[in-house]
Structures are given as C-alpha cells and as structure tokens.
>>> print(open('my_file-v6.tsv').read())   # TSV, C-alpha atoms
chain	number	residue	atom	x	y	z
A	4	ASP	CA	101.66	110.13	83.94
A	5	SER	CA	104.67	108.67	85.77
A	6	GLY	CA	105.28	105.94	83.20
A	7	VAL	CA	104.67	103.24	85.81
A	8	THR	CA	101.64	101.09	85.11
A	9	GLN	CA	99.75	98.91	87.55
A	10	THR	CA	97.00	96.41	86.90
A	11	PRO	CA	94.31	95.93	87.89
A	12	LYS	CA	93.09	99.28	89.18
A	13	HIS	CA	90.57	97.70	91.49
A	14	LEU	CA	90.29	94.22	92.90
A	15	ILE	CA	87.54	92.82	95.10
A	16	THR	CA	87.94	89.39	96.56
A	17	ALA	CA	87.05	87.28	99.57
A	18	THR	CA	88.98	86.29	102.65
A	19	GLY	CA	91.23	83.32	102.16
A	20	GLN	CA	91.74	83.99	98.47
A	21	ARG	CA	94.94	84.75	96.57
A	22	VAL	CA	95.53	87.65	94.20
A	23	THR	CA	98.34	88.90	91.99
A	24	LEU	CA	99.08	92.55	91.40
A	25	ARG	CA	101.15	93.55	88.43
A	26	CYS	CA	103.53	96.44	87.87
A	27	SER	CA	105.44	97.61	84.81
A	28	PRO	CA	108.23	100.06	85.64
A	29	ARG	CA	109.25	103.09	83.61
A	30	SER	CA	111.37	102.32	80.59
A	31	GLY	CA	114.97	101.97	81.70
A	32	ASP	CA	114.23	101.64	85.42
A	33	LEU	CA	115.76	98.58	87.03
A	34	SER	CA	114.39	98.95	90.55
A	35	VAL	CA	110.83	98.19	91.54
A	36	TYR	CA	109.36	98.90	94.96
A	37	TRP	CA	106.06	97.84	96.48
A	38	TYR	CA	104.22	99.86	99.10
A	39	GLN	CA	100.99	99.32	101.00
A	40	GLN	CA	98.78	102.19	102.09
A	41	SER	CA	96.04	101.24	104.52
A	42	LEU	CA	93.30	103.64	105.56
A	43	ASP	CA	94.72	106.78	107.19
A	44	GLN	CA	98.19	105.31	107.12
A	45	GLY	CA	101.33	106.34	105.35
A	46	LEU	CA	102.86	104.24	102.66
A	47	GLN	CA	104.48	101.19	104.19
A	48	PHE	CA	107.46	99.84	102.28
A	49	LEU	CA	107.05	96.15	101.50
A	50	ILE	CA	109.86	95.03	99.22
A	51	GLN	CA	112.31	96.14	96.55
A	52	TYR	CA	113.70	94.33	93.54
A	53	TYR	CA	116.61	95.39	91.43
A	54	ASN	CA	117.19	93.81	88.04
A	55	GLY	CA	115.42	90.63	89.06
A	56	GLU	CA	116.96	90.24	92.49
A	57	GLU	CA	115.41	91.01	95.84
A	58	ARG	CA	117.24	94.00	97.25
A	59	ALA	CA	115.49	95.12	100.39
A	60	LYS	CA	112.63	93.96	102.53
A	61	GLY	CA	110.32	95.93	104.76
A	62	ASN	CA	107.33	94.86	106.83
A	63	ILE	CA	106.14	92.32	104.30
A	64	LEU	CA	104.00	89.53	105.67
A	65	GLU	CA	104.96	85.92	105.00
A	66	ARG	CA	101.65	85.53	103.14
A	67	PHE	CA	102.92	88.08	100.62
A	68	SER	CA	105.60	87.47	98.04
A	69	ALA	CA	106.92	89.26	95.02
A	70	GLN	CA	109.15	88.73	92.06
A	71	GLN	CA	110.65	90.68	89.22
A	72	PHE	CA	110.82	89.06	85.83
A	73	PRO	CA	113.50	89.32	83.11
A	74	ASP	CA	111.48	91.97	81.32
A	75	LEU	CA	111.60	93.90	84.64
A	76	HIS	CA	107.90	93.85	85.33
A	77	SER	CA	107.03	92.79	88.85
A	78	GLU	CA	104.21	90.93	90.52
A	79	LEU	CA	103.08	91.06	94.12
A	80	ASN	CA	101.28	87.92	95.28
A	81	LEU	CA	98.99	88.15	98.28
A	82	SER	CA	97.63	84.90	99.67
A	83	SER	CA	95.29	83.76	102.46
A	84	LEU	CA	93.81	87.22	102.32
A	85	GLU	CA	92.40	88.80	105.45
A	86	LEU	CA	90.09	91.78	105.87
A	87	GLY	CA	93.04	93.83	107.09
A	88	ASP	CA	94.82	93.38	103.76
A	89	SER	CA	92.35	95.79	102.17
A	90	ALA	CA	94.50	98.71	101.08
A	91	LEU	CA	96.00	100.61	98.21
A	92	TYR	CA	99.07	98.90	96.84
A	93	PHE	CA	101.54	101.11	95.03
A	94	CYS	CA	104.42	100.13	92.86
A	95	ALA	CA	107.28	102.54	92.23
A	96	SER	CA	110.33	102.34	90.04
A	97	SER	CA	113.70	104.05	89.88
A	98	ARG	CA	116.83	103.91	87.77
A	99	GLY	CA	119.05	102.35	90.40
A	100	THR	CA	119.15	101.42	94.02
A	101	SER	CA	120.44	104.60	95.56
A	102	GLU	CA	118.17	106.43	97.94
A	103	TYR	CA	118.88	109.48	95.77
A	104	ASN	CA	117.25	107.88	92.77
A	105	GLU	CA	113.81	109.42	92.54
A	106	GLN	CA	111.04	106.88	92.83
A	107	PHE	CA	108.20	107.19	90.34
A	108	PHE	CA	104.90	105.78	91.53
A	109	GLY	CA	102.16	104.05	89.64
A	110	PRO	CA	98.47	104.90	90.20
A	111	GLY	CA	98.01	102.00	92.59
A	112	THR	CA	95.76	98.97	92.88
A	113	ARG	CA	92.91	99.22	95.35
A	114	LEU	CA	92.33	95.83	96.97
A	115	THR	CA	89.14	95.19	98.85
A	116	VAL	CA	88.84	91.96	100.82
A	117	LEU	CA	85.28	91.09	101.84
B	16	ASP	CA	106.31	102.67	115.86
B	17	GLN	CA	105.87	105.61	113.53
B	18	GLN	CA	109.35	106.92	112.79
B	19	VAL	CA	108.09	109.70	110.52
B	20	LYS	CA	105.14	111.69	111.82
B	21	GLN	CA	102.91	114.25	110.24
B	22	ASN	CA	100.76	115.40	113.11
B	23	SER	CA	98.44	117.63	111.10
B	24	PRO	CA	96.07	115.53	109.02
B	25	SER	CA	94.78	118.60	107.21
B	26	LEU	CA	95.53	122.23	106.51
B	27	SER	CA	93.56	124.98	104.78
B	28	VAL	CA	95.25	128.07	103.35
B	29	GLN	CA	94.08	131.01	101.29
B	30	GLU	CA	95.36	131.28	97.75
B	31	GLY	CA	98.48	133.43	97.58
B	32	ARG	CA	99.44	132.82	101.20
B	33	ILE	CA	102.15	130.56	102.54
B	34	SER	CA	101.46	126.89	103.26
B	35	ILE	CA	103.67	125.26	105.88
B	36	LEU	CA	103.57	121.50	106.22
B	37	ASN	CA	105.43	119.88	109.07
B	38	CYS	CA	107.06	116.54	109.63
B	39	ASP	CA	108.88	115.10	112.64
B	40	TYR	CA	111.10	112.08	112.73
B	41	THR	CA	112.62	109.99	115.46
B	42	ASN	CA	115.52	108.15	113.85
B	43	SER	CA	118.74	110.15	113.80
B	44	MET	CA	120.16	107.77	111.20
B	45	PHE	CA	117.90	109.20	108.49
B	46	ASP	CA	120.09	111.03	106.03
B	47	TYR	CA	117.79	111.90	103.15
B	48	PHE	CA	114.33	113.40	103.24
B	49	LEU	CA	111.72	113.88	100.58
B	50	TRP	CA	108.29	115.34	100.03
B	51	TYR	CA	105.77	113.69	97.75
B	52	LYS	CA	102.46	115.09	96.59
B	53	LYS	CA	99.45	112.92	95.88
B	54	TYR	CA	96.29	113.76	94.00
B	55	PRO	CA	93.21	111.52	94.27
B	56	ALA	CA	93.34	108.38	92.13
B	57	GLU	CA	97.00	108.96	91.32
B	58	GLY	CA	100.23	107.72	92.79
B	59	PRO	CA	102.48	110.02	94.79
B	60	THR	CA	104.78	112.27	92.77
B	61	PHE	CA	108.15	113.51	93.92
B	62	LEU	CA	108.23	117.16	94.88
B	63	ILE	CA	111.50	118.07	96.56
B	64	SER	CA	114.23	116.49	98.65
B	65	ILE	CA	116.99	117.44	101.04
B	66	SER	CA	120.12	115.74	102.23
B	67	SER	CA	120.99	115.77	105.91
B	68	ILE	CA	124.10	117.82	105.18
B	69	LYS	CA	121.92	120.76	104.20
B	70	ASP	CA	119.36	122.75	106.11
B	71	LYS	CA	117.45	124.23	103.19
B	72	ASN	CA	116.62	123.34	99.62
B	73	GLU	CA	114.58	125.48	97.28
B	74	ASP	CA	112.81	124.70	94.03
B	75	GLY	CA	110.60	127.42	92.70
B	76	ARG	CA	107.67	127.95	95.04
B	77	PHE	CA	108.72	125.01	97.21
B	78	THR	CA	111.31	125.14	99.97
B	79	VAL	CA	112.17	122.38	102.39
B	80	PHE	CA	113.81	123.17	105.71
B	81	LEU	CA	115.61	120.63	107.86
B	82	ASN	CA	116.32	121.10	111.56
B	83	LYS	CA	118.37	118.09	112.57
B	84	SER	CA	118.67	119.00	116.22
B	85	ALA	CA	114.89	119.13	116.47
B	86	LYS	CA	114.43	116.21	114.07
B	87	HIS	CA	111.98	118.37	112.17
B	88	LEU	CA	111.30	118.91	108.51
B	89	SER	CA	109.00	121.46	106.94
B	90	LEU	CA	107.77	122.24	103.46
B	91	HIS	CA	106.92	125.83	102.57
B	92	ILE	CA	104.82	126.63	99.53
B	93	VAL	CA	104.80	130.28	98.53
B	94	PRO	CA	102.53	131.48	97.09
B	95	SER	CA	99.98	128.71	97.48
B	96	GLN	CA	97.78	127.96	94.47
B	97	PRO	CA	94.52	126.00	94.21
B	98	GLY	CA	96.37	123.36	92.15
B	99	ASP	CA	98.54	122.67	95.19
B	100	SER	CA	95.54	121.10	96.91
B	101	ALA	CA	96.63	117.51	97.48
B	102	VAL	CA	97.91	115.16	100.15
B	103	TYR	CA	101.56	115.74	101.00
B	104	PHE	CA	103.73	112.96	102.37
B	105	CYS	CA	107.14	113.40	103.88
B	106	ALA	CA	109.53	110.49	103.68
B	107	ALA	CA	112.94	109.64	105.04
B	108	SER	CA	115.57	107.09	104.25
B	109	ILE	CA	118.54	105.44	105.88
B	110	PRO	CA	121.55	104.79	103.67
B	111	SER	CA	121.51	101.10	104.43
B	112	GLY	CA	119.29	98.54	106.04
B	113	THR	CA	116.07	96.80	105.19
B	114	TYR	CA	114.01	99.95	104.74
B	115	LYS	CA	113.95	102.30	101.84
B	116	TYR	CA	111.67	105.28	102.18
B	117	ILE	CA	109.66	105.55	105.38
B	118	PHE	CA	106.61	107.69	104.82
B	119	GLY	CA	104.52	109.79	107.15
B	120	THR	CA	100.74	109.52	107.18
B	121	GLY	CA	100.24	112.61	105.04
B	122	THR	CA	98.74	116.07	105.39
B	123	ARG	CA	95.80	117.06	103.22
B	124	LEU	CA	96.33	120.62	101.99
B	125	LYS	CA	93.40	122.62	100.70
B	126	VAL	CA	94.14	125.93	99.06
B	127	LEU	CA	91.07	128.13	99.00
B	128	ALA	CA	90.51	130.42	96.03
>>> encode(input="my_file-v6.tsv", output="structure tokens")
Amino acid sequence: DSGVTQTPKHLITATGQRVTLRCSPRSGDLSVYWYQQSLDQGLQFLIQYYNGEERAKGNILERFSAQQFPDLHSELNLSSLELGDSALYFCASSRGTSEYNEQFFGPGTRLTVL
Amino acid sequence: DQQVKQNSPSLSVQEGRISILNCDYTNSMFDYFLWYKKYPAEGPTFLISISSIKDKNEDGRFTVFLNKSAKHLSLHIVPSQPGDSAVYFCAASIPSGTYKYIFGTGTRLKVLA
C-alpha cells in the first residue's frame, strides 16, 4: 500500500460525458502528479501540482483539467469524453518537486468510454 | 515520439537466473533514470534509480547500469525470484521543463519456478 488513494477504481461512461477522478496523496506529500496509461503504452505524464499550484504540464488535452485543493487532494476532470480516452489514470505523490523525490503511485482508476 | 523505449515487451527467466531488462533513450538531456515495478491491479512502485553522473547503482538483488554514450539503461535482477514477476517500467527525467518522468512502455517479466 503506497498510501496514495484513488477513487473510483472503475468508471464506465459514454462518449461526450464528463467525469472526475479523485486522488488523495500520502500524508505529508505536497506534490501530486497525474499520468495516463493507454493500452500497451507507457505512462504518459499529464500534469503536476505542488501545494495547490500547477507546477508542470505534459501532454494534457484541453478537454482535461485538474486542480489541487487546500487539503492537498487532487481531482482530474475529463470532459467531452472520446473512445480514445479509455485508459488507466494514475495519480502519484511526492514530498517535493525535485525529480529525486520518489513518486508513490496510487492503484489507478480504470476509465472505460463506450 | 517515444523518448524512452523498452523494445522487449516480455521476458521469461528461470528462477535463480539473472533477469536483464533493457531500456534505450533518445534525449541526452535526461539526467535521472528510474525503474518502477508494477503488479496487476496496483500502481507502479519505485525500485531503483541512477543519476547520470554514475554508471552503476546497486540495491540488493537489483542493479541498474547506465551507458550514456549508448543512451542505454539496464536493470539486472540476480537471482530472479517468482515474486519478481511483474511489469517493469524504466523512466527518465530532465531537470527542468514541462515533463517530469517519461516512461517506457514496460517489459513483462515472468520468472518461472
């Protein structure tokens, strides 16, 4: 158990819909990262927040957005969903922002868009 | 453009033997490399890392080798155990920029008892 929790575990929805994925970081971790893993692909970095502020952005689509709240939990919002958005979405957390800070991953949310 | 490549999607090894997982990268700006292990229905877990100023880092049964001139990274597991059966991802990072860790596509290791 990494200490990072993600809800829900599974999500099935239809094209065009909007969903929210939730992540609670490990106690004491200020950084939260979101990754997408599509079938047979590596983990693609989406976005990072540190203590409530956006810190780094990867290949995140404009239809996707995220935020980190004062209690440090984070939400990833996916809108106008397409079939290709079906993937595993992982959240990770770390103490700080350094690349040397180990990232601890949650179990992921599996999103299926029908 | 896949900057971190794991060209072997799967690998089978006998218990007790050495497992060698390979990773190639294209960006010479990467300065920190990591290996993560992933079991089914779980998130990846950190295994071992290496800075670009080193060419080897060892932690118990796990050793990571870095060949910067070849832009090649490898993970050696000796001796391999059935519990090592998992998907292994290599990752790399640049000290600044919009990316954090860039992951490869993973290699599924199966250790046969």
>>> residues_around(input="my_file-v6.tsv", residues="range 88-99 of chain B", least_positions_apart="6", cutoff="7 Å", atoms="only C-alpha atoms", output="list of chain:residue names")
B:Glu30, B:Gly31, B:Arg32, B:Ile33, B:Ser34, B:Ile35, B:Leu36, B:Asn37, B:Cys38, B:Asp39, B:Arg76, B:Phe77, B:Thr78, B:Val79, B:Phe80, B:Leu81, B:Asn82, B:Val126, B:Leu127, B:Ala128
>>> residues_around(input="my_file-v6.tsv", residues="Asp74 in chain A", least_positions_apart="2", cutoff="10 Å", atoms="all atoms listed in the file", output="list in words")
Ser27, Pro28, Leu33, Asn54, Gly55, Gln71, Phe72, His76 and Ser77 of chain A
>>> atom_distance(input="my_file-v6.tsv", atom1="CA of Thr60 in chain B", atom2="CA of Gln106 in chain A")
8.3 Å
>>> residues_around(input="my_file-v6.tsv", residues="Pro110 in chain A", least_positions_apart="6", cutoff="7 Å", atoms="all atoms listed in the file", output="number ranges by chain")
A: 9, 93; B: 56-58
>>> closest_atom_pairs(input="my_file-v6.tsv", of="chain A", to="chain B", cutoff="6 Å", atoms="only C-alpha atoms", output="JSON lines")
{"residue": "A:Gln44", "atom": "CA", "partner": "B:Thr120", "partner_atom": "CA", "distance": 4.9}
{"residue": "A:Gly45", "atom": "CA", "partner": "B:Thr120", "partner_atom": "CA", "distance": 3.7}
{"residue": "A:Leu46", "atom": "CA", "partner": "B:Phe118", "partner_atom": "CA", "distance": 5.5}
{"residue": "A:Ala59", "atom": "CA", "partner": "B:Thr113", "partner_atom": "CA", "distance": 5.1}
{"residue": "A:Lys60", "atom": "CA", "partner": "B:Thr113", "partner_atom": "CA", "distance": 5.2}
{"residue": "A:Gly61", "atom": "CA", "partner": "B:Tyr114", "partner_atom": "CA", "distance": 5.5}
{"residue": "A:Phe108", "atom": "CA", "partner": "B:Gly58", "partner_atom": "CA", "distance": 5.2}
{"residue": "A:Gly109", "atom": "CA", "partner": "B:Gly58", "partner_atom": "CA", "distance": 5.2}
{"residue": "A:Pro110", "atom": "CA", "partner": "B:Gly58", "partner_atom": "CA", "distance": 4.2}
>>> write_last_selection(input="my_file-v6.tsv", atoms="C-alpha atoms", output="PDB file, keeping the file's coordinate frame")
ATOM      1  CA  GLN A  44      98.190 105.310 107.120  1.00  0.00           C
ATOM      2  CA  GLY A  45     101.330 106.340 105.350  1.00  0.00           C
ATOM      3  CA  LEU A  46     102.860 104.240 102.660  1.00  0.00           C
ATOM      4  CA  ALA A  59     115.490  95.120 100.390  1.00  0.00           C
ATOM      5  CA  LYS A  60     112.630  93.960 102.530  1.00  0.00           C
ATOM      6  CA  GLY A  61     110.320  95.930 104.760  1.00  0.00           C
ATOM      7  CA  PHE A 108     104.900 105.780  91.530  1.00  0.00           C
ATOM      8  CA  GLY A 109     102.160 104.050  89.640  1.00  0.00           C
ATOM      9  CA  PRO A 110      98.470 104.900  90.200  1.00  0.00           C
TER      10      PRO A 110
END
>>> closest_residue(input="my_file-v6.tsv", among="A:Phe67, A:Ser96, A:Leu114, A:Tyr53", to="Gly6 in chain A", atoms="all atoms listed in the file")
A:Ser96
>>> decode(input="my_file-v6.tsv", residues="range 16-28 of chain B", atoms="all heavy atoms", output="mmCIF file, in the first residue's frame")
data_model
loop_
_atom_site.group_PDB
_atom_site.id
_atom_site.type_symbol
_atom_site.label_atom_id
_atom_site.label_comp_id
_atom_site.auth_asym_id
_atom_site.auth_seq_id
_atom_site.Cartn_x
_atom_site.Cartn_y
_atom_site.Cartn_z
ATOM 1 N N ASP B 16 6.498 10.546 -30.564
ATOM 2 C CA ASP B 16 7.926 10.327 -30.447
ATOM 3 C C ASP B 16 8.245 9.741 -29.071
ATOM 4 O O ASP B 16 8.097 10.414 -28.057
ATOM 5 C CB ASP B 16 8.679 11.647 -30.640
ATOM 6 C CG ASP B 16 10.176 11.480 -30.427
ATOM 7 O OD1 ASP B 16 10.665 10.360 -30.675
ATOM 8 O OD2 ASP B 16 10.828 12.446 -30.028
ATOM 9 N N GLN B 17 8.637 8.468 -29.080
ATOM 10 C CA GLN B 17 8.886 7.775 -27.826
ATOM 11 C C GLN B 17 10.321 8.017 -27.409
ATOM 12 O O GLN B 17 11.246 7.460 -28.005
ATOM 13 C CB GLN B 17 8.603 6.269 -28.025
ATOM 14 C CG GLN B 17 8.545 5.468 -26.767
ATOM 15 C CD GLN B 17 7.316 5.752 -25.921
ATOM 16 O OE1 GLN B 17 6.299 6.239 -26.425
ATOM 17 N NE2 GLN B 17 7.398 5.485 -24.638
ATOM 18 N N GLN B 18 10.536 8.842 -26.402
ATOM 19 C CA GLN B 18 11.891 9.179 -25.999
ATOM 20 C C GLN B 18 12.528 8.107 -25.130
ATOM 21 O O GLN B 18 13.742 8.077 -24.984
ATOM 22 C CB GLN B 18 11.891 10.502 -25.254
ATOM 23 C CG GLN B 18 11.432 11.690 -26.086
ATOM 24 C CD GLN B 18 11.625 12.982 -25.336
ATOM 25 O OE1 GLN B 18 12.744 13.392 -25.050
ATOM 26 N NE2 GLN B 18 10.523 13.616 -24.981
ATOM 27 N N VAL B 19 11.704 7.279 -24.516
ATOM 28 C CA VAL B 19 12.201 6.183 -23.688
ATOM 29 C C VAL B 19 11.579 4.902 -24.245
ATOM 30 O O VAL B 19 10.358 4.788 -24.300
ATOM 31 C CB VAL B 19 11.816 6.381 -22.207
ATOM 32 C CG1 VAL B 19 12.282 5.203 -21.378
ATOM 33 C CG2 VAL B 19 12.406 7.683 -21.678
ATOM 34 N N LYS B 20 12.441 3.978 -24.638
ATOM 35 C CA LYS B 20 11.938 2.783 -25.333
ATOM 36 C C LYS B 20 12.349 1.516 -24.611
ATOM 37 O O LYS B 20 13.502 1.334 -24.248
ATOM 38 C CB LYS B 20 12.495 2.729 -26.761
ATOM 39 C CG LYS B 20 12.112 3.908 -27.621
ATOM 40 C CD LYS B 20 12.751 3.824 -28.995
ATOM 41 C CE LYS B 20 12.488 5.081 -29.787
ATOM 42 N NZ LYS B 20 13.137 5.067 -31.099
ATOM 43 N N GLN B 21 11.379 0.652 -24.451
ATOM 44 C CA GLN B 21 11.655 -0.687 -23.960
ATOM 45 C C GLN B 21 11.202 -1.623 -25.075
ATOM 46 O O GLN B 21 10.012 -1.840 -25.271
ATOM 47 C CB GLN B 21 10.904 -0.961 -22.659
ATOM 48 C CG GLN B 21 11.397 -0.097 -21.510
ATOM 49 C CD GLN B 21 10.604 -0.315 -20.240
ATOM 50 O OE1 GLN B 21 9.751 0.481 -19.896
ATOM 51 N NE2 GLN B 21 10.912 -1.403 -19.547
ATOM 52 N N ASN B 22 12.161 -2.132 -25.806
ATOM 53 C CA ASN B 22 11.851 -2.849 -27.043
ATOM 54 C C ASN B 22 11.402 -4.287 -26.825
ATOM 55 O O ASN B 22 10.884 -4.907 -27.760
ATOM 56 C CB ASN B 22 13.061 -2.820 -27.972
ATOM 57 C CG ASN B 22 13.331 -1.402 -28.473
ATOM 58 O OD1 ASN B 22 12.401 -0.683 -28.820
ATOM 59 N ND2 ASN B 22 14.587 -1.014 -28.493
ATOM 60 N N SER B 23 11.601 -4.796 -25.625
ATOM 61 C CA SER B 23 11.153 -6.162 -25.340
ATOM 62 C C SER B 23 9.885 -6.102 -24.522
ATOM 63 O O SER B 23 9.932 -5.773 -23.341
ATOM 64 C CB SER B 23 12.222 -6.943 -24.577
ATOM 65 O OG SER B 23 13.391 -7.049 -25.339
ATOM 66 N N PRO B 24 8.754 -6.456 -25.110
ATOM 67 C CA PRO B 24 7.513 -6.395 -24.338
ATOM 68 C C PRO B 24 7.442 -7.453 -23.248
ATOM 69 O O PRO B 24 6.735 -7.269 -22.260
ATOM 70 C CB PRO B 24 6.414 -6.637 -25.377
ATOM 71 C CG PRO B 24 7.074 -6.893 -26.671
ATOM 72 C CD PRO B 24 8.553 -6.809 -26.500
ATOM 73 N N SER B 25 8.187 -8.549 -23.422
ATOM 74 C CA SER B 25 8.129 -9.602 -22.413
ATOM 75 C C SER B 25 9.440 -10.355 -22.339
ATOM 76 O O SER B 25 10.240 -10.355 -23.283
ATOM 77 C CB SER B 25 6.976 -10.570 -22.712
ATOM 78 O OG SER B 25 7.209 -11.233 -23.935
ATOM 79 N N LEU B 26 9.631 -11.004 -21.187
ATOM 80 C CA LEU B 26 10.863 -11.745 -20.925
ATOM 81 C C LEU B 26 10.533 -12.861 -19.944
ATOM 82 O O LEU B 26 9.855 -12.615 -18.939
ATOM 83 C CB LEU B 26 11.901 -10.794 -20.317
ATOM 84 C CG LEU B 26 13.227 -11.374 -19.845
ATOM 85 C CD1 LEU B 26 14.031 -11.854 -21.047
ATOM 86 C CD2 LEU B 26 14.018 -10.350 -19.061
ATOM 87 N N SER B 27 11.005 -14.059 -20.236
ATOM 88 C CA SER B 27 10.837 -15.179 -19.307
ATOM 89 C C SER B 27 12.200 -15.666 -18.857
ATOM 90 O O SER B 27 13.112 -15.822 -19.675
ATOM 91 C CB SER B 27 10.087 -16.327 -19.994
ATOM 92 O OG SER B 27 8.749 -15.995 -20.209
ATOM 93 N N VAL B 28 12.324 -15.918 -17.557
ATOM 94 C CA VAL B 28 13.605 -16.326 -16.975
ATOM 95 C C VAL B 28 13.342 -17.416 -15.943
ATOM 96 O O VAL B 28 12.317 -17.386 -15.248
ATOM 97 C CB VAL B 28 14.278 -15.108 -16.296
ATOM 98 C CG1 VAL B 28 15.480 -15.512 -15.505
ATOM 99 C CG2 VAL B 28 14.658 -14.071 -17.341
#
